[in-house]
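J.: For reference, the structure I am asking about is given below.
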Amino acid sequence: MNKLPACLTGGLMLVLASSTAFAAALPGYTEGAETLRVENTRGQIDAFNDLVYSQVKTATNVRQMRMTLLVPRSNDLKPAIVYFPGGGFTSAAWTKYIQMRMALAEAGFVVAATEYRTVPDKFPALVNDGKSAVRYLREHAGEYGIDPDRIGVLGDSAGGYLAQMMGLTNGDKSFDRGDFLARSSDVQAAATLYGISDLRNIGAGFPENIQKVHASPAVTEALLVHGSAFRDWPGASIASDNDKALAASPMGHVKGKKPPFLIMHGSADTLVSPVQSEQLYKALKSEGNKADYILLEGAEHGDIHWYQKPVIDRVVNWFKATLGAPVKADTHAVKDKNANL
């Protein structure tokens, strides 16, 4: 067996002796304890759960609409992302997709995961809620270090539909209802994952039996636009009123200048046709808008593909490139900026 030269052996023993002596000097050290030294390379993220961003009042009750915030702990002026969950227009479980939300927060974004109204509530209730969530963030930007000039939206499936509607209706005050109406509900970026762009052709290209489902007055897009059958009214299919269905669809709002869009869809999606993303991309490009379209090979609707690091990194990096990084700012500057919006 080869032996180390005496000079190296002595040097190694000196390092070990020094390390042991250093550890012994640490408060709380005792023989047999291990010591660990780490570099502080990541920041702290605070979670604020079940914040009430809006109260929806009807003749019989008051419903509190909630969001959860992930806030990087720093004095930086941070861009914000509002995440809208999918759920087929029948649920809005805003606490899901934690991998994506945490990755965005670790990249320096304030991330708001947001509840919104679903069927049996009708359009435009969910769009009203999305607008309210953005206004809430601008109203409270100073509390969370949000840059009110840089707010984006992200959604998957039905949440992708809502993110699209948010990005395509900037400046349309008809959807602004509720509190903080002096604040803008406009967004500066929109990302949609396997989202719905046209309620009239969600099953485009699918087999005939699927087409029959989407022709039913009981399918969720029909309930969203027309409501459920009641008394002597049998309900209506999504195709029964083309103008009404188009007005309730992102494709009905694509004309003119829009914020940048990231559009992603799975090539193997059998629930929402990839045509939904294809037609949105083409419409945005034809209007001269900035849009990136990514077809995820072999991915189904919301399957495990969408939780993989390359997909999450693509979304995070797109938002970083589009909205920019956090910037240094003092508290007074944040409040002064927010007061002007």
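Going through the structure tokens in order, the chains are called A, B, and so on, while each chain numbers its residues from 1 and the ligands are numbered from 1 in the order shown.
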So that I can check the surroundings of segment 222-228 of chain A, please list as a list in words every protein, DNA and RNA residue that reaches within 8 Å of it, counting only C-alpha atoms and ignoring chain neighbours fewer than 3 positions away.

T.: Phe89, Thr118, Val119, Pro120, Asp121, Lys122, Phe123, Ser216, Pro217, Ala218, Val219, Pro234, Gly235, Ala236, Ser237, Ile238, Lys244, Ala245 and Ala248 of chain A

J.: So that I can see what lies close to Gln55 of chain A, please list as an NGL selection string the residues with an atom at most 8 Å from it, counting only C-alpha atoms and leaving out residues fewer than 2 positions away in the same chain.

T.: :A and (52-53 or 57 or 62-65 or 178)

J.: Can you work out which one of A:Met166, A:Ile263, A:Val187, A:Val127 has the shortest atom-to-atom distance to Ala291 of chain A, counting only C-alpha atoms?

T.: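 That would be A:Ile263, the residue with the smallest distance to Ala291 of chain A.
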
J.: From the options A:Pro259, A:Pro85, A:Gly28, A:Pro250, which residue's atoms come nearest to Gln188 of chain A, counting only C-alpha atoms?

T.: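 Among A:Pro259, A:Pro85, A:Gly28, A:Pro250, it is A:Pro259 that comes nearest to Gln188 of chain A.
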
J.: Name all residues at most 10 Å from Tyr293 of chain A (count only C-alpha atoms; drop same-chain ones fewer than 3 positions away) and give them as a PyMOL selection string.

T.: chain A and resi 192+261-265+277-278+280-282+296

J.: Which residue is closest to Thr114 of chain A? Choose from A:Leu126, A:Ile210, A:Ala239, A:Ala329 and count only C-alpha atoms.

T.: A:Leu126

J.: Write out as an MDAnalysis selection string the residues lying within 9 Å of Arg138 of chain A, counting only C-alpha atoms and excluding same-chain residues fewer than 4 positions away.

T.: chainID A and resid 133:134 142 146:149 151 180 183:185 338 341

J.: Which one is closest to Gly159 of chain A: A:Gly266, A:Pro310, A:Pro207, A:Gly302? Count only C-alpha atoms.

T.: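 Among the listed residues, the smallest separation from Gly159 of chain A belongs to A:Gly302.
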
J.: Could you tell me, as a PyMOL selection string, which residues of segment 4-207 of chain A DSSP assigns to helix (DSSP H, G or I) when given the backbone?

T.: chain A and resi 6-24+98-106+125-139+141-144+158-168+173-175

J.: What is the atom CA of Asn201 of chain A-atom CA of Val153 of chain A distance in Å, reported with one decimal?

T.: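 Spanning atom CA of Asn201 of chain A to atom CA of Val153 of chain A is a straight-line distance of 23.6 Å.
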
J.: A:Thr41, A:Asn128, A:Ser157, A:Gln164: which is nearest Ser91 of chain A, counting only C-alpha atoms?

T.: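 Closest residue, counting only C-alpha atoms: A:Ser157.
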
J.: Write out as a VMD selection string which residues come within 10 Å of Ala113 of chain A when counting only C-alpha atoms, dropping same-chain ones fewer than 5 positions away.

T.: chain A and resid 49 to 50 66 to 70 81 to 85 92 to 98 101 133 153 to 155

J.: Step one, run DSSP on the backbone; step two, keep only residues of segment 89-238 of chain A assigned to strand (DSSP E); then write them as an MDAnalysis selection string.

T.: chainID A and resid 110:114 146:156 189:193

J.: For the selection you just gave me, I'd like the residues written to a file as a compact mmCIF listing (two decimals), in the first residue's frame, keeping all heavy atoms.

T.:
# COMPACT_ATOMS: atom_id res chain seq x y z
N VAL A 110 -44.01 37.08 -6.01
CA VAL A 110 -45.14 36.88 -5.10
C VAL A 110 -46.17 36.07 -5.88
O VAL A 110 -46.51 36.42 -7.02
CB VAL A 110 -45.74 38.22 -4.64
CG1 VAL A 110 -47.02 37.99 -3.84
CG2 VAL A 110 -44.74 39.01 -3.83
N VAL A 111 -46.65 34.98 -5.30
CA VAL A 111 -47.57 34.09 -6.01
C VAL A 111 -48.89 34.01 -5.25
O VAL A 111 -48.92 33.59 -4.09
CB VAL A 111 -46.97 32.68 -6.17
CG1 VAL A 111 -47.91 31.81 -6.99
CG2 VAL A 111 -45.60 32.75 -6.84
N ALA A 112 -49.96 34.41 -5.92
CA ALA A 112 -51.29 34.35 -5.33
C ALA A 112 -52.07 33.23 -6.00
O ALA A 112 -52.31 33.26 -7.20
CB ALA A 112 -52.01 35.69 -5.54
N ALA A 113 -52.42 32.20 -5.23
CA ALA A 113 -53.27 31.13 -5.73
C ALA A 113 -54.71 31.47 -5.35
O ALA A 113 -55.01 31.66 -4.17
CB ALA A 113 -52.86 29.79 -5.13
N THR A 114 -55.59 31.52 -6.34
CA THR A 114 -56.85 32.22 -6.17
C THR A 114 -58.07 31.36 -6.45
O THR A 114 -58.17 30.71 -7.50
CB THR A 114 -56.87 33.46 -7.09
OG1 THR A 114 -55.71 34.24 -6.86
CG2 THR A 114 -58.09 34.32 -6.82
N ILE A 146 -45.05 44.08 -3.59
CA ILE A 146 -45.40 43.81 -4.98
C ILE A 146 -45.17 45.05 -5.84
O ILE A 146 -45.53 46.17 -5.45
CB ILE A 146 -46.87 43.36 -5.09
CG1 ILE A 146 -47.07 42.02 -4.38
CG2 ILE A 146 -47.31 43.27 -6.55
CD1 ILE A 146 -48.53 41.61 -4.25
N ASP A 147 -44.59 44.84 -7.01
CA ASP A 147 -44.50 45.91 -7.99
C ASP A 147 -45.82 45.94 -8.75
O ASP A 147 -46.10 45.02 -9.55
CB ASP A 147 -43.34 45.64 -8.96
CG ASP A 147 -43.14 46.77 -9.96
OD1 ASP A 147 -44.04 47.62 -10.09
OD2 ASP A 147 -42.09 46.79 -10.61
N PRO A 148 -46.66 46.93 -8.56
CA PRO A 148 -47.99 46.95 -9.19
C PRO A 148 -47.95 47.11 -10.70
O PRO A 148 -48.96 46.92 -11.36
CB PRO A 148 -48.68 48.14 -8.51
CG PRO A 148 -47.57 49.01 -8.07
CD PRO A 148 -46.44 48.11 -7.69
N ASP A 149 -46.79 47.45 -11.24
CA ASP A 149 -46.65 47.55 -12.70
C ASP A 149 -46.37 46.21 -13.35
O ASP A 149 -46.35 46.12 -14.58
CB ASP A 149 -45.50 48.50 -13.06
CG ASP A 149 -45.87 49.96 -12.85
OD1 ASP A 149 -47.08 50.26 -12.81
OD2 ASP A 149 -44.95 50.78 -12.73
N ARG A 150 -46.13 45.16 -12.53
CA ARG A 150 -45.71 43.87 -13.09
C ARG A 150 -46.50 42.73 -12.45
O ARG A 150 -46.06 42.10 -11.50
CB ARG A 150 -44.21 43.66 -12.89
CG ARG A 150 -43.34 44.68 -13.64
CD ARG A 150 -41.86 44.35 -13.51
NE ARG A 150 -41.37 44.55 -12.15
CZ ARG A 150 -40.29 43.95 -11.66
NH1 ARG A 150 -39.61 43.09 -12.38
NH2 ARG A 150 -39.89 44.22 -10.43
N ILE A 151 -47.69 42.50 -12.96
CA ILE A 151 -48.53 41.41 -12.47
C ILE A 151 -48.92 40.52 -13.66
O ILE A 151 -49.42 40.99 -14.67
CB ILE A 151 -49.80 41.94 -11.77
CG1 ILE A 151 -49.40 42.73 -10.52
CG2 ILE A 151 -50.74 40.79 -11.41
CD1 ILE A 151 -50.58 43.30 -9.74
N GLY A 152 -48.65 39.23 -13.51
CA GLY A 152 -49.00 38.26 -14.53
C GLY A 152 -50.01 37.26 -14.02
O GLY A 152 -50.28 37.19 -12.81
N VAL A 153 -50.57 36.48 -14.93
CA VAL A 153 -51.54 35.44 -14.56
C VAL A 153 -51.11 34.11 -15.16
O VAL A 153 -50.48 34.06 -16.22
CB VAL A 153 -52.97 35.79 -15.01
CG1 VAL A 153 -53.55 36.90 -14.15
CG2 VAL A 153 -53.01 36.20 -16.49
N LEU A 154 -51.48 33.04 -14.47
CA LEU A 154 -51.16 31.67 -14.88
C LEU A 154 -52.34 30.79 -14.54
O LEU A 154 -52.92 30.91 -13.45
CB LEU A 154 -49.91 31.18 -14.13
CG LEU A 154 -49.62 29.68 -14.12
CD1 LEU A 154 -49.21 29.20 -15.51
CD2 LEU A 154 -48.53 29.35 -13.09
N GLY A 155 -52.72 29.91 -15.45
CA GLY A 155 -53.81 28.98 -15.16
C GLY A 155 -53.68 27.72 -15.97
O GLY A 155 -53.06 27.69 -17.04
N ASP A 156 -54.29 26.64 -15.46
CA ASP A 156 -54.32 25.38 -16.19
C ASP A 156 -55.77 24.96 -16.41
O ASP A 156 -56.62 25.13 -15.54
CB ASP A 156 -53.54 24.28 -15.44
CG ASP A 156 -54.07 24.01 -14.05
OD1 ASP A 156 -54.20 24.97 -13.26
OD2 ASP A 156 -54.38 22.84 -13.75
N ALA A 189 -48.72 39.97 -18.32
CA ALA A 189 -48.30 38.70 -18.92
C ALA A 189 -49.33 37.64 -18.59
O ALA A 189 -49.96 37.69 -17.53
CB ALA A 189 -46.92 38.28 -18.40
N ALA A 190 -49.51 36.67 -19.51
CA ALA A 190 -50.48 35.60 -19.27
C ALA A 190 -49.93 34.28 -19.78
O ALA A 190 -49.45 34.19 -20.92
CB ALA A 190 -51.80 35.92 -19.97
N ALA A 191 -49.99 33.25 -18.93
CA ALA A 191 -49.56 31.91 -19.30
C ALA A 191 -50.72 30.95 -19.12
O ALA A 191 -51.39 30.96 -18.08
CB ALA A 191 -48.37 31.46 -18.45
N THR A 192 -50.97 30.14 -20.13
CA THR A 192 -52.09 29.21 -20.10
C THR A 192 -51.60 27.80 -20.42
O THR A 192 -50.93 27.58 -21.44
CB THR A 192 -53.20 29.65 -21.08
OG1 THR A 192 -54.17 28.60 -21.23
CG2 THR A 192 -52.64 30.00 -22.45
N LEU A 193 -51.91 26.85 -19.56
CA LEU A 193 -51.53 25.45 -19.73
C LEU A 193 -52.78 24.64 -20.04
O LEU A 193 -53.72 24.62 -19.24
CB LEU A 193 -50.87 24.90 -18.46
CG LEU A 193 -49.78 25.76 -17.81
CD1 LEU A 193 -49.20 25.03 -16.60
CD2 LEU A 193 -48.68 26.11 -18.80

J.: Using only C-alpha atoms, find the one residue out of A:Glu221, A:Glu139, A:Asp269, A:Glu287 that sits nearest to Ala158 of chain A.

T.: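 Checking each candidate against Ala158 of chain A, we get A:Glu221 as the closest.
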
J.: How many Å separate atom CA of Gly171 of chain A from atom CA of Ala80 of chain A?

T.: 19.1 Å
